[in-house]
Amino acid sequence: MNIQLERVSKAYGQGDAQFWALRDVTFTASSGDFVSIVGPSGSGKSTMLHILGCLDQPTEGAVSVDGHPTTGLSDRQMSGIRRDHIGFVFQQYFLNQSMTTLQNVLLPLDLAGVKGGREKAAAALDVVGLGGRLRSYPTELSGGEQQRCAIARALANMPSLLLADEPTGSLDSKTGKNVLEMMVSLNQERDLGIVIVTHDEAVAQTADTTVHVLDGRIS
Ligand SMILES: Nc1ncnc2c1ncn2[C@@H]1O[C@H](COP(=O)(O)OP(=O)(O)OP(=O)(O)O)[C@@H](O)[C@H]1O
Ligand SMILES: [Mg+2]
């Protein structure tokens, strides 16, 4: 499975206020890859990850999923692609505070009408080491545990690609290392493709390849 960006540019705003957050980016993410994206704040990393994750469409250029262009697809079709292929970990975790860890991971599976959701959710929480905390609420979890819950939610439907925006950004170095080691083993054992945005040079070097983003361009 692969997602390809071909000469992708993204503009926010219109007229005089128009700002090109991404310019002429060509990039492919495939199953089994482990890529890090690094660059200064505001350089376009999250924008690139959102387009890669089919959360947003480019202003110019083309995005293809397994060779099929996504241009002109409806929101419903885009969410179908996300449901079937992509796990996304947001820069802010976006856990629902009034739900337990199990409910948080189960929710998107239920919304997608996935069968056996409860078992899949519990299995994903087990993978991230939260198998014993199914009934805990986010406020009862440490920052690292909340981050791992967000990763479990992204992994629950067995995506081919995991896209993670600063997944270790708010963690202490030891917890960050644990989360990273978990990703390395998922990459190696399940052939999960991983694209990770990070400010941390040590985290970036864990990946097989690193892409640098500066002023919306990659080098
Ligand atoms: N919805 C939006 N509307 C207008 N401008 C936006 C929007 N989203 C992002 N931008 C701008 O686009 C540029 C790239 O933003 P982006 O979030 O991709 O940066 P980033 O590299 O992820 O930064 P950080 O490391 O701080 O998360 C920034 O200048 C930002 O202000
Ligand atoms: Mg960002």
# chains A, B, ... in the order shown; residues from 1 in each chain; ligands from 1
call {"tool": "residues_near_ligand", "arguments": {"ligand": "ligand 1", "cutoff": "9 Å", "atoms": "only C-alpha atoms and all ligand atoms", "output": "PyMOL selection string"}}
result
chain A and resi 10-13+18-22+38-50+91+165-166+197-199+213-216
call {"tool": "residues_around", "arguments": {"residues": "A:Leu161", "least_positions_apart": "2", "cutoff": "7 Å", "atoms": "only C-alpha atoms", "output": "list in words"}}
result
Ser31, His85, Ile86, Gly87, Pro159, Leu163, Leu192, Gly193 and Ile194 of chain A
call {"tool": "write_last_selection", "arguments": {"atoms": "N, CA, C and O atoms", "output": "mmCIF file, in the first residue's frame"}}
result
data_model
loop_
_atom_site.group_PDB
_atom_site.id
_atom_site.type_symbol
_atom_site.label_atom_id
_atom_site.label_comp_id
_atom_site.auth_asym_id
_atom_site.auth_seq_id
_atom_site.Cartn_x
_atom_site.Cartn_y
_atom_site.Cartn_z
ATOM 1 N N SER A 31 3.945 0.938 2.795
ATOM 2 C CA SER A 31 4.001 -0.046 3.878
ATOM 3 C C SER A 31 5.454 -0.437 4.107
ATOM 4 O O SER A 31 6.200 -0.619 3.144
ATOM 5 N N HIS A 85 -7.038 2.295 5.457
ATOM 6 C CA HIS A 85 -5.583 2.243 5.273
ATOM 7 C C HIS A 85 -4.732 3.022 6.270
ATOM 8 O O HIS A 85 -3.545 2.757 6.388
ATOM 9 N N ILE A 86 -5.329 4.044 6.901
ATOM 10 C CA ILE A 86 -4.481 5.027 7.588
ATOM 11 C C ILE A 86 -4.825 5.161 9.069
ATOM 12 O O ILE A 86 -5.991 5.244 9.435
ATOM 13 N N GLY A 87 -3.784 5.176 9.888
ATOM 14 C CA GLY A 87 -3.950 5.537 11.295
ATOM 15 C C GLY A 87 -3.278 6.878 11.508
ATOM 16 O O GLY A 87 -2.148 7.084 11.062
ATOM 17 N N PRO A 159 -4.144 -0.370 10.278
ATOM 18 C CA PRO A 159 -3.823 0.397 9.077
ATOM 19 C C PRO A 159 -2.533 -0.107 8.443
ATOM 20 O O PRO A 159 -1.741 -0.797 9.094
ATOM 21 N N LEU A 163 0.518 7.582 10.549
ATOM 22 C CA LEU A 163 1.052 8.930 10.402
ATOM 23 C C LEU A 163 0.953 9.605 11.760
ATOM 24 O O LEU A 163 -0.139 9.717 12.321
ATOM 25 N N LEU A 192 4.256 -2.335 9.232
ATOM 26 C CA LEU A 192 3.505 -1.078 9.272
ATOM 27 C C LEU A 192 4.383 0.050 8.723
ATOM 28 O O LEU A 192 5.532 0.183 9.125
ATOM 29 N N GLY A 193 3.857 0.819 7.789
ATOM 30 C CA GLY A 193 4.563 2.007 7.316
ATOM 31 C C GLY A 193 4.357 3.133 8.310
ATOM 32 O O GLY A 193 3.241 3.324 8.797
ATOM 33 N N ILE A 194 5.419 3.843 8.661
ATOM 34 C CA ILE A 194 5.308 4.905 9.660
ATOM 35 C C ILE A 194 5.922 6.190 9.122
ATOM 36 O O ILE A 194 7.033 6.189 8.596
#
call {"tool": "residues_around", "arguments": {"residues": "A:Ser160", "least_positions_apart": "6", "cutoff": "12 Å", "atoms": "only C-alpha atoms", "output": "ChimeraX atom specification"}}
result
/A:1-3,29-34,53,65-66,81-88,154,186-187,190-195
call {"tool": "write_last_selection", "arguments": {"atoms": "N, CA, C and O atoms", "output": "mmCIF file, in the first residue's frame"}}
result
data_model
loop_
_atom_site.group_PDB
_atom_site.id
_atom_site.type_symbol
_atom_site.label_atom_id
_atom_site.label_comp_id
_atom_site.auth_asym_id
_atom_site.auth_seq_id
_atom_site.Cartn_x
_atom_site.Cartn_y
_atom_site.Cartn_z
ATOM 1 N N MET A 1 0.846 -1.197 0.000
ATOM 2 C CA MET A 1 0.000 0.000 0.000
ATOM 3 C C MET A 1 0.884 1.252 0.000
ATOM 4 O O MET A 1 1.886 1.285 0.702
ATOM 5 N N ASN A 2 0.554 2.231 -0.811
ATOM 6 C CA ASN A 2 1.346 3.459 -0.778
ATOM 7 C C ASN A 2 0.490 4.694 -1.061
ATOM 8 O O ASN A 2 -0.551 4.609 -1.704
ATOM 9 N N ILE A 3 0.947 5.806 -0.537
ATOM 10 C CA ILE A 3 0.323 7.102 -0.822
ATOM 11 C C ILE A 3 1.401 8.002 -1.406
ATOM 12 O O ILE A 3 2.501 8.129 -0.855
ATOM 13 N N ALA A 29 4.936 7.488 0.610
ATOM 14 C CA ALA A 29 5.001 6.680 1.831
ATOM 15 C C ALA A 29 4.402 5.318 1.520
ATOM 16 O O ALA A 29 3.292 5.240 0.989
ATOM 17 N N SER A 30 5.147 4.255 1.845
ATOM 18 C CA SER A 30 4.686 2.891 1.558
ATOM 19 C C SER A 30 4.712 2.036 2.816
ATOM 20 O O SER A 30 5.446 2.338 3.764
ATOM 21 N N SER A 31 3.945 0.938 2.795
ATOM 22 C CA SER A 31 4.001 -0.046 3.878
ATOM 23 C C SER A 31 5.454 -0.437 4.107
ATOM 24 O O SER A 31 6.200 -0.619 3.144
ATOM 25 N N GLY A 32 5.824 -0.574 5.353
ATOM 26 C CA GLY A 32 7.182 -1.013 5.667
ATOM 27 C C GLY A 32 8.191 0.117 5.784
ATOM 28 O O GLY A 32 9.254 -0.062 6.364
ATOM 29 N N ASP A 33 7.855 1.292 5.231
ATOM 30 C CA ASP A 33 8.753 2.452 5.364
ATOM 31 C C ASP A 33 8.762 2.951 6.808
ATOM 32 O O ASP A 33 7.780 2.785 7.533
ATOM 33 N N PHE A 34 9.857 3.574 7.205
ATOM 34 C CA PHE A 34 9.879 4.324 8.470
ATOM 35 C C PHE A 34 10.590 5.642 8.164
ATOM 36 O O PHE A 34 11.812 5.682 8.021
ATOM 37 N N GLY A 53 -2.377 11.997 4.869
ATOM 38 C CA GLY A 53 -3.384 11.212 5.583
ATOM 39 C C GLY A 53 -4.780 11.352 5.012
ATOM 40 O O GLY A 53 -5.743 10.901 5.619
ATOM 41 N N VAL A 65 -3.513 7.065 -4.036
ATOM 42 C CA VAL A 65 -3.478 5.969 -3.080
ATOM 43 C C VAL A 65 -3.432 4.682 -3.893
ATOM 44 O O VAL A 65 -4.367 4.405 -4.657
ATOM 45 N N ASP A 66 -2.343 3.947 -3.754
ATOM 46 C CA ASP A 66 -2.121 2.746 -4.583
ATOM 47 C C ASP A 66 -2.340 3.046 -6.062
ATOM 48 O O ASP A 66 -2.954 2.250 -6.788
ATOM 49 N N ILE A 81 -11.028 5.879 2.653
ATOM 50 C CA ILE A 81 -9.589 5.599 2.493
ATOM 51 C C ILE A 81 -8.903 5.614 3.864
ATOM 52 O O ILE A 81 -8.122 4.725 4.204
ATOM 53 N N ARG A 82 -9.235 6.633 4.657
ATOM 54 C CA ARG A 82 -8.625 6.726 5.994
ATOM 55 C C ARG A 82 -8.984 5.507 6.842
ATOM 56 O O ARG A 82 -8.122 4.921 7.504
ATOM 57 N N ARG A 83 -10.259 5.129 6.796
ATOM 58 C CA ARG A 83 -10.716 4.005 7.613
ATOM 59 C C ARG A 83 -9.999 2.711 7.212
ATOM 60 O O ARG A 83 -9.598 1.923 8.058
ATOM 61 N N ASP A 84 -9.801 2.507 5.924
ATOM 62 C CA ASP A 84 -9.253 1.236 5.457
ATOM 63 C C ASP A 84 -7.727 1.157 5.516
ATOM 64 O O ASP A 84 -7.164 0.069 5.566
ATOM 65 N N HIS A 85 -7.038 2.295 5.457
ATOM 66 C CA HIS A 85 -5.583 2.243 5.273
ATOM 67 C C HIS A 85 -4.732 3.022 6.270
ATOM 68 O O HIS A 85 -3.545 2.757 6.388
ATOM 69 N N ILE A 86 -5.329 4.044 6.901
ATOM 70 C CA ILE A 86 -4.481 5.027 7.588
ATOM 71 C C ILE A 86 -4.825 5.161 9.069
ATOM 72 O O ILE A 86 -5.991 5.244 9.435
ATOM 73 N N GLY A 87 -3.784 5.176 9.888
ATOM 74 C CA GLY A 87 -3.950 5.537 11.295
ATOM 75 C C GLY A 87 -3.278 6.878 11.508
ATOM 76 O O GLY A 87 -2.148 7.084 11.062
ATOM 77 N N PHE A 88 -3.980 7.815 12.162
ATOM 78 C CA PHE A 88 -3.426 9.159 12.321
ATOM 79 C C PHE A 88 -3.345 9.520 13.797
ATOM 80 O O PHE A 88 -4.314 9.412 14.529
ATOM 81 N N ALA A 154 -5.207 4.854 16.715
ATOM 82 C CA ALA A 154 -4.778 4.913 15.317
ATOM 83 C C ALA A 154 -4.475 3.521 14.754
ATOM 84 O O ALA A 154 -4.595 3.294 13.560
ATOM 85 N N LEU A 186 6.524 -2.362 15.667
ATOM 86 C CA LEU A 186 5.363 -2.466 14.761
ATOM 87 C C LEU A 186 5.817 -2.389 13.298
ATOM 88 O O LEU A 186 5.307 -3.090 12.431
ATOM 89 N N ASN A 187 6.793 -1.541 13.050
ATOM 90 C CA ASN A 187 7.340 -1.389 11.702
ATOM 91 C C ASN A 187 8.014 -2.692 11.260
ATOM 92 O O ASN A 187 7.799 -3.168 10.144
ATOM 93 N N ARG A 190 5.152 -5.973 11.835
ATOM 94 C CA ARG A 190 3.877 -5.958 11.108
ATOM 95 C C ARG A 190 3.996 -5.297 9.745
ATOM 96 O O ARG A 190 2.995 -5.128 9.056
ATOM 97 N N ASP A 191 5.227 -4.842 9.412
ATOM 98 C CA ASP A 191 5.432 -4.154 8.144
ATOM 99 C C ASP A 191 4.622 -2.859 8.056
ATOM 100 O O ASP A 191 4.321 -2.372 6.967
ATOM 101 N N LEU A 192 4.256 -2.335 9.232
ATOM 102 C CA LEU A 192 3.505 -1.078 9.272
ATOM 103 C C LEU A 192 4.383 0.050 8.723
ATOM 104 O O LEU A 192 5.532 0.183 9.125
ATOM 105 N N GLY A 193 3.857 0.819 7.789
ATOM 106 C CA GLY A 193 4.563 2.007 7.316
ATOM 107 C C GLY A 193 4.357 3.133 8.310
ATOM 108 O O GLY A 193 3.241 3.324 8.797
ATOM 109 N N ILE A 194 5.419 3.843 8.661
ATOM 110 C CA ILE A 194 5.308 4.905 9.660
ATOM 111 C C ILE A 194 5.922 6.190 9.122
ATOM 112 O O ILE A 194 7.033 6.189 8.596
ATOM 113 N N VAL A 195 5.164 7.268 9.222
ATOM 114 C CA VAL A 195 5.708 8.595 8.935
ATOM 115 C C VAL A 195 5.508 9.423 10.185
ATOM 116 O O VAL A 195 4.395 9.574 10.678
#
call {"tool": "select_by_dssp", "arguments": {"residues": "stretch 91-171 of chain A", "states": "helix (DSSP H, G or I)", "output": "tab-separated table (two decimals) with all heavy atoms, in the first residue's frame"}}
result
chain	number	residue	atom	x	y	z
A	101	THR	N	-10.35	4.57	28.15
A	101	THR	CA	-9.41	4.27	27.07
A	101	THR	C	-10.05	3.33	26.05
A	101	THR	O	-9.96	3.56	24.85
A	101	THR	CB	-8.11	3.62	27.61
A	101	THR	OG1	-8.45	2.49	28.37
A	101	THR	CG2	-7.31	4.57	28.46
A	102	LEU	N	-10.74	2.30	26.56
A	102	LEU	CA	-11.37	1.34	25.64
A	102	LEU	C	-12.41	2.05	24.76
A	102	LEU	O	-12.45	1.85	23.54
A	102	LEU	CB	-12.02	0.19	26.42
A	102	LEU	CG	-12.68	-0.88	25.54
A	102	LEU	CD1	-11.65	-1.62	24.69
A	102	LEU	CD2	-13.44	-1.89	26.39
A	103	GLN	N	-13.23	2.91	25.37
A	103	GLN	CA	-14.27	3.61	24.60
A	103	GLN	C	-13.65	4.55	23.57
A	103	GLN	O	-14.15	4.67	22.45
A	103	GLN	CB	-15.19	4.38	25.55
A	103	GLN	CG	-16.12	3.47	26.35
A	103	GLN	CD	-16.78	4.18	27.52
A	103	GLN	OE1	-16.30	5.20	28.01
A	103	GLN	NE2	-17.90	3.63	27.98
A	104	ASN	N	-12.56	5.22	23.95
A	104	ASN	CA	-11.88	6.12	23.01
A	104	ASN	C	-11.39	5.37	21.77
A	104	ASN	O	-11.51	5.87	20.65
A	104	ASN	CB	-10.69	6.80	23.69
A	104	ASN	CG	-11.03	8.18	24.23
A	104	ASN	OD1	-11.22	9.12	23.46
A	104	ASN	ND2	-11.12	8.29	25.54
A	105	VAL	N	-10.83	4.20	21.99
A	105	VAL	CA	-10.27	3.43	20.87
A	105	VAL	C	-11.39	2.77	20.06
A	105	VAL	O	-11.31	2.64	18.84
A	105	VAL	CB	-9.26	2.37	21.40
A	105	VAL	CG1	-8.74	1.50	20.27
A	105	VAL	CG2	-8.09	3.08	22.10
A	106	LEU	N	-12.47	2.42	20.76
A	106	LEU	CA	-13.61	1.74	20.12
A	106	LEU	C	-14.44	2.68	19.25
A	106	LEU	O	-14.97	2.27	18.21
A	106	LEU	CB	-14.48	1.11	21.22
A	106	LEU	CG	-15.65	0.22	20.82
A	106	LEU	CD1	-15.21	-0.89	19.89
A	106	LEU	CD2	-16.30	-0.36	22.07
A	107	LEU	N	-14.52	3.94	19.67
A	107	LEU	CA	-15.44	4.89	19.00
A	107	LEU	C	-15.29	4.94	17.48
A	107	LEU	O	-16.28	4.74	16.76
A	107	LEU	CB	-15.28	6.30	19.61
A	107	LEU	CG	-16.18	7.37	19.00
A	107	LEU	CD1	-17.65	7.10	19.31
A	107	LEU	CD2	-15.78	8.76	19.51
A	108	PRO	N	-14.06	5.17	16.95
A	108	PRO	CA	-13.96	5.24	15.48
A	108	PRO	C	-14.29	3.90	14.79
A	108	PRO	O	-14.78	3.89	13.67
A	108	PRO	CB	-12.50	5.64	15.22
A	108	PRO	CG	-11.79	5.44	16.50
A	108	PRO	CD	-12.79	5.48	17.60
A	109	LEU	N	-14.04	2.79	15.49
A	109	LEU	CA	-14.37	1.48	14.91
A	109	LEU	C	-15.89	1.33	14.81
A	109	LEU	O	-16.42	0.88	13.80
A	109	LEU	CB	-13.79	0.35	15.77
A	109	LEU	CG	-12.26	0.31	15.89
A	109	LEU	CD1	-11.84	-0.81	16.84
A	109	LEU	CD2	-11.62	0.09	14.53
A	110	ASP	N	-16.59	1.74	15.87
A	110	ASP	CA	-18.06	1.68	15.87
A	110	ASP	C	-18.62	2.60	14.79
A	110	ASP	O	-19.53	2.22	14.05
A	110	ASP	CB	-18.61	2.09	17.24
A	110	ASP	CG	-18.55	0.94	18.25
A	110	ASP	OD1	-18.28	-0.20	17.82
A	110	ASP	OD2	-18.77	1.19	19.45
A	111	LEU	N	-18.07	3.81	14.71
A	111	LEU	CA	-18.55	4.77	13.70
A	111	LEU	C	-18.36	4.21	12.29
A	111	LEU	O	-19.15	4.49	11.39
A	111	LEU	CB	-17.82	6.11	13.83
A	111	LEU	CG	-18.17	6.95	15.06
A	111	LEU	CD1	-17.31	8.20	15.12
A	111	LEU	CD2	-19.65	7.33	15.07
A	117	GLY	N	-15.30	-4.86	17.01
A	117	GLY	CA	-14.59	-3.66	17.42
A	117	GLY	C	-13.99	-3.75	18.81
A	117	GLY	O	-12.86	-3.35	19.03
A	118	ARG	N	-14.77	-4.28	19.73
A	118	ARG	CA	-14.32	-4.35	21.13
A	118	ARG	C	-13.03	-5.16	21.25
A	118	ARG	O	-12.10	-4.74	21.94
A	118	ARG	CB	-15.44	-4.96	21.98
A	118	ARG	CG	-15.18	-4.96	23.46
A	118	ARG	CD	-16.47	-5.17	24.22
A	118	ARG	NE	-17.32	-3.99	24.18
A	118	ARG	CZ	-17.30	-3.02	25.11
A	118	ARG	NH1	-16.49	-3.13	26.14
A	118	ARG	NH2	-18.07	-1.99	25.01
A	119	GLU	N	-12.98	-6.28	20.56
A	119	GLU	CA	-11.79	-7.13	20.62
A	119	GLU	C	-10.60	-6.42	19.95
A	119	GLU	O	-9.48	-6.46	20.46
A	119	GLU	CB	-12.04	-8.47	19.91
A	119	GLU	CG	-13.00	-9.41	20.63
A	119	GLU	CD	-14.44	-8.91	20.63
A	119	GLU	OE1	-14.87	-8.30	19.63
A	119	GLU	OE2	-15.13	-9.11	21.65
A	120	LYS	N	-10.87	-5.77	18.83
A	120	LYS	CA	-9.79	-5.05	18.13
A	120	LYS	C	-9.25	-3.91	18.98
A	120	LYS	O	-8.05	-3.68	19.05
A	120	LYS	CB	-10.29	-4.51	16.78
A	120	LYS	CG	-10.48	-5.58	15.74
A	120	LYS	CD	-10.86	-5.01	14.40
A	120	LYS	CE	-10.98	-6.15	13.37
A	120	LYS	NZ	-11.48	-5.70	12.09
A	121	ALA	N	-10.16	-3.18	19.62
A	121	ALA	CA	-9.75	-2.05	20.46
A	121	ALA	C	-8.91	-2.55	21.64
A	121	ALA	O	-7.86	-1.98	21.95
A	121	ALA	CB	-10.98	-1.29	20.96
A	122	ALA	N	-9.39	-3.62	22.28
A	122	ALA	CA	-8.66	-4.17	23.43
A	122	ALA	C	-7.28	-4.68	22.98
A	122	ALA	O	-6.28	-4.48	23.68
A	122	ALA	CB	-9.46	-5.30	24.07
A	123	ALA	N	-7.22	-5.30	21.78
A	123	ALA	CA	-5.94	-5.82	21.28
A	123	ALA	C	-4.96	-4.68	21.01
A	123	ALA	O	-3.77	-4.77	21.32
A	123	ALA	CB	-6.17	-6.64	20.02
A	124	ALA	N	-5.47	-3.57	20.44
A	124	ALA	CA	-4.59	-2.43	20.14
A	124	ALA	C	-4.06	-1.81	21.43
A	124	ALA	O	-2.89	-1.42	21.52
A	124	ALA	CB	-5.34	-1.38	19.32
A	125	LEU	N	-4.92	-1.74	22.46
A	125	LEU	CA	-4.47	-1.19	23.75
A	125	LEU	C	-3.44	-2.11	24.39
A	125	LEU	O	-2.52	-1.66	25.06
A	125	LEU	CB	-5.67	-0.96	24.67
A	125	LEU	CG	-6.44	0.32	24.32
A	125	LEU	CD1	-7.86	0.29	24.87
A	125	LEU	CD2	-5.69	1.55	24.84
A	126	ASP	N	-3.58	-3.40	24.15
A	126	ASP	CA	-2.61	-4.36	24.64
A	126	ASP	C	-1.24	-4.12	23.99
A	126	ASP	O	-0.21	-4.12	24.67
A	126	ASP	CB	-3.12	-5.77	24.32
A	126	ASP	CG	-2.61	-6.77	25.34
A	126	ASP	OD1	-2.49	-6.38	26.52
A	126	ASP	OD2	-2.34	-7.92	24.94
A	127	VAL	N	-1.25	-3.88	22.68
A	127	VAL	CA	-0.01	-3.64	21.94
A	127	VAL	C	0.77	-2.46	22.53
A	127	VAL	O	1.99	-2.49	22.62
A	127	VAL	CB	-0.31	-3.37	20.44
A	127	VAL	CG1	0.91	-2.81	19.73
A	127	VAL	CG2	-0.77	-4.64	19.75
A	138	PRO	N	-8.90	9.36	30.57
A	138	PRO	CA	-7.67	10.09	30.23
A	138	PRO	C	-7.06	10.85	31.41
A	138	PRO	O	-5.83	10.85	31.56
A	138	PRO	CB	-8.12	11.04	29.12
A	138	PRO	CG	-9.22	10.29	28.43
A	138	PRO	CD	-9.94	9.55	29.53
A	139	THR	N	-7.91	11.45	32.25
A	139	THR	CA	-7.37	12.21	33.40
A	139	THR	C	-6.64	11.31	34.39
A	139	THR	O	-5.86	11.79	35.21
A	139	THR	CB	-8.49	12.94	34.17
A	139	THR	OG1	-9.51	12.00	34.48
A	139	THR	CG2	-9.04	14.10	33.35
A	140	GLU	N	-6.90	10.01	34.33
A	140	GLU	CA	-6.23	9.08	35.24
A	140	GLU	C	-4.95	8.51	34.63
A	140	GLU	O	-4.29	7.68	35.24
A	140	GLU	CB	-7.18	7.92	35.59
A	140	GLU	CG	-8.45	8.38	36.28
A	140	GLU	CD	-9.52	7.29	36.31
A	140	GLU	OE1	-9.48	6.36	35.49
A	140	GLU	OE2	-10.41	7.40	37.17
A	143	GLY	N	0.79	11.49	30.77
A	143	GLY	CA	0.89	12.01	29.40
A	143	GLY	C	1.30	10.93	28.41
A	143	GLY	O	0.74	10.82	27.33
A	144	GLY	N	2.27	10.12	28.81
A	144	GLY	CA	2.76	9.05	27.93
A	144	GLY	C	1.69	8.00	27.67
A	144	GLY	O	1.56	7.48	26.56
A	145	GLU	N	0.91	7.71	28.72
A	145	GLU	CA	-0.16	6.72	28.56
A	145	GLU	C	-1.26	7.27	27.64
A	145	GLU	O	-1.82	6.53	26.83
A	145	GLU	CB	-0.71	6.34	29.94
A	145	GLU	CG	0.26	5.46	30.73
A	145	GLU	CD	-0.08	5.36	32.21
A	145	GLU	OE1	-0.89	6.17	32.71
A	145	GLU	OE2	0.49	4.49	32.87
A	146	GLN	N	-1.56	8.57	27.78
A	146	GLN	CA	-2.56	9.18	26.89
A	146	GLN	C	-2.07	9.14	25.44
A	146	GLN	O	-2.83	8.85	24.52
A	146	GLN	CB	-2.82	10.62	27.30
A	146	GLN	CG	-3.55	10.74	28.63
A	146	GLN	CD	-3.83	12.19	28.98
A	146	GLN	OE1	-4.33	12.96	28.17
A	146	GLN	NE2	-3.49	12.57	30.20
A	147	GLN	N	-0.78	9.41	25.28
A	147	GLN	CA	-0.21	9.38	23.93
A	147	GLN	C	-0.31	7.96	23.36
A	147	GLN	O	-0.66	7.77	22.20
A	147	GLN	CB	1.26	9.84	23.99
A	147	GLN	CG	1.95	9.96	22.66
A	147	GLN	CD	1.26	10.94	21.73
A	147	GLN	OE1	0.26	10.63	21.11
A	147	GLN	NE2	1.79	12.15	21.65
A	148	ARG	N	-0.01	6.97	24.20
A	148	ARG	CA	-0.10	5.58	23.74
A	148	ARG	C	-1.54	5.18	23.44
A	148	ARG	O	-1.80	4.40	22.53
A	148	ARG	CB	0.53	4.64	24.77
A	148	ARG	CG	2.06	4.72	24.72
A	148	ARG	CD	2.71	3.68	25.58
A	148	ARG	NE	2.82	4.13	26.96
A	148	ARG	CZ	2.80	3.32	28.01
A	148	ARG	NH1	2.65	2.02	27.85
A	148	ARG	NH2	2.92	3.80	29.23
A	149	CYS	N	-2.49	5.75	24.20
A	149	CYS	CA	-3.91	5.49	23.92
A	149	CYS	C	-4.27	6.06	22.53
A	149	CYS	O	-4.97	5.40	21.74
A	149	CYS	CB	-4.77	6.12	25.01
A	149	CYS	SG	-6.53	5.84	24.78
A	150	ALA	N	-3.76	7.26	22.23
A	150	ALA	CA	-4.02	7.87	20.92
A	150	ALA	C	-3.40	7.02	19.80
A	150	ALA	O	-3.97	6.88	18.72
A	150	ALA	CB	-3.48	9.29	20.88
A	151	ILE	N	-2.25	6.43	20.10
A	151	ILE	CA	-1.60	5.56	19.11
A	151	ILE	C	-2.41	4.26	18.94
A	151	ILE	O	-2.62	3.80	17.82
A	151	ILE	CB	-0.13	5.26	19.51
A	151	ILE	CG1	0.69	6.56	19.43
A	151	ILE	CG2	0.48	4.18	18.61
A	151	ILE	CD1	2.08	6.46	20.02
A	152	ALA	N	-2.92	3.73	20.06
A	152	ALA	CA	-3.76	2.52	19.98
A	152	ALA	C	-4.99	2.79	19.12
A	152	ALA	O	-5.39	1.95	18.30
A	152	ALA	CB	-4.19	2.08	21.39
A	153	ARG	N	-5.58	3.97	19.30
A	153	ARG	CA	-6.76	4.32	18.51
A	153	ARG	C	-6.40	4.35	17.01
A	153	ARG	O	-7.17	3.89	16.17
A	153	ARG	CB	-7.29	5.69	18.96
A	153	ARG	CG	-8.54	6.12	18.24
A	153	ARG	CD	-9.07	7.42	18.79
A	153	ARG	NE	-8.05	8.46	18.77
A	153	ARG	CZ	-8.19	9.66	19.31
A	153	ARG	NH1	-9.30	9.97	19.93
A	153	ARG	NH2	-7.22	10.54	19.24
A	154	ALA	N	-5.21	4.85	16.71
A	154	ALA	CA	-4.78	4.91	15.32
A	154	ALA	C	-4.48	3.52	14.75
A	154	ALA	O	-4.60	3.29	13.56
A	154	ALA	CB	-3.54	5.81	15.19
A	155	LEU	N	-4.09	2.60	15.63
A	155	LEU	CA	-3.69	1.26	15.18
A	155	LEU	C	-4.83	0.25	15.16
A	155	LEU	O	-4.70	-0.81	14.54
A	155	LEU	CB	-2.60	0.70	16.11
A	155	LEU	CG	-1.24	1.38	16.06
A	155	LEU	CD1	-0.35	0.80	17.16
A	155	LEU	CD2	-0.60	1.19	14.70
call {"tool": "closest_residue", "arguments": {"among": "A:Glu201, A:Val89, A:Ser173, A:Thr206", "to": "ligand 2", "atoms": "only C-alpha atoms and all ligand atoms"}}
result
A:Val89
call {"tool": "select_by_dssp", "arguments": {"residues": "chain A", "states": "strand (DSSP E)", "output": "ChimeraX atom specification"}}
result
/A:2-12,19-30,34-38,60-65,68-69,86-89,161-165,193-197,209-214,217-218
call {"tool": "closest_residue", "arguments": {"among": "A:Ile37, A:Leu141, A:Leu73, A:Leu95", "to": "ligand 2", "atoms": "only C-alpha atoms and all ligand atoms"}}
result
A:Ile37
call {"tool": "closest_residue", "arguments": {"among": "A:Met182, A:Ala62, A:Glu6, A:Pro167", "to": "ligand 2", "atoms": "only C-alpha atoms and all ligand atoms"}}
result
A:Pro167
call {"tool": "closest_residue", "arguments": {"among": "A:Ser170, A:Ser36, A:Thr210, A:Gln92", "to": "ligand 2", "atoms": "only C-alpha atoms and all ligand atoms"}}
result
A:Gln92
call {"tool": "atom_distance", "arguments": {"atom1": "atom CA of A:Glu60", "atom2": "atom CA of A:Leu162"}}
result
24.3 Å
call {"tool": "closest_residue", "arguments": {"among": "A:Cys54, A:Ala164, A:Ser136, A:Ser98", "to": "ligand 2", "atoms": "only C-alpha atoms and all ligand atoms"}}
result
A:Ala164
call {"tool": "atom_distance", "arguments": {"atom1": "atom CA of A:Glu181", "atom2": "atom 1 (Mg, counted along the ligand's line) of ligand 2"}}
result
22.2 Å
call {"tool": "atom_distance", "arguments": {"atom1": "atom CA of A:Gly169", "atom2": "atom CA of A:His212"}}
result
17.4 Å
call {"tool": "decode", "arguments": {"residues": "stretch 91-97 of chain A", "atoms": "N, CA and C atoms", "output": "short mmCIF file (atom, residue, chain, number, x, y, z; two decimals), in the first residue's frame"}}
result
data_model
loop_
_atom_site.label_atom_id
_atom_site.label_comp_id
_atom_site.auth_asym_id
_atom_site.auth_seq_id
_atom_site.Cartn_x
_atom_site.Cartn_y
_atom_site.Cartn_z
N GLN A 91 -1.21 15.97 16.58
CA GLN A 91 -0.23 16.67 17.41
C GLN A 91 -0.80 16.87 18.83
N GLN A 92 -2.09 17.18 18.93
CA GLN A 92 -2.79 17.15 20.22
C GLN A 92 -3.50 15.80 20.22
N TYR A 93 -3.57 15.11 21.35
CA TYR A 93 -4.06 13.72 21.27
C TYR A 93 -5.53 13.62 20.87
N PHE A 94 -6.34 14.63 21.28
CA PHE A 94 -7.78 14.58 20.99
C PHE A 94 -8.47 13.34 21.56
N LEU A 95 -8.15 12.99 22.81
CA LEU A 95 -8.91 11.92 23.46
C LEU A 95 -10.18 12.54 24.04
N ASN A 96 -11.25 11.77 24.01
CA ASN A 96 -12.49 12.22 24.64
C ASN A 96 -12.37 11.99 26.15
N GLN A 97 -12.41 13.10 26.91
CA GLN A 97 -12.15 13.04 28.35
C GLN A 97 -13.23 12.29 29.12
#
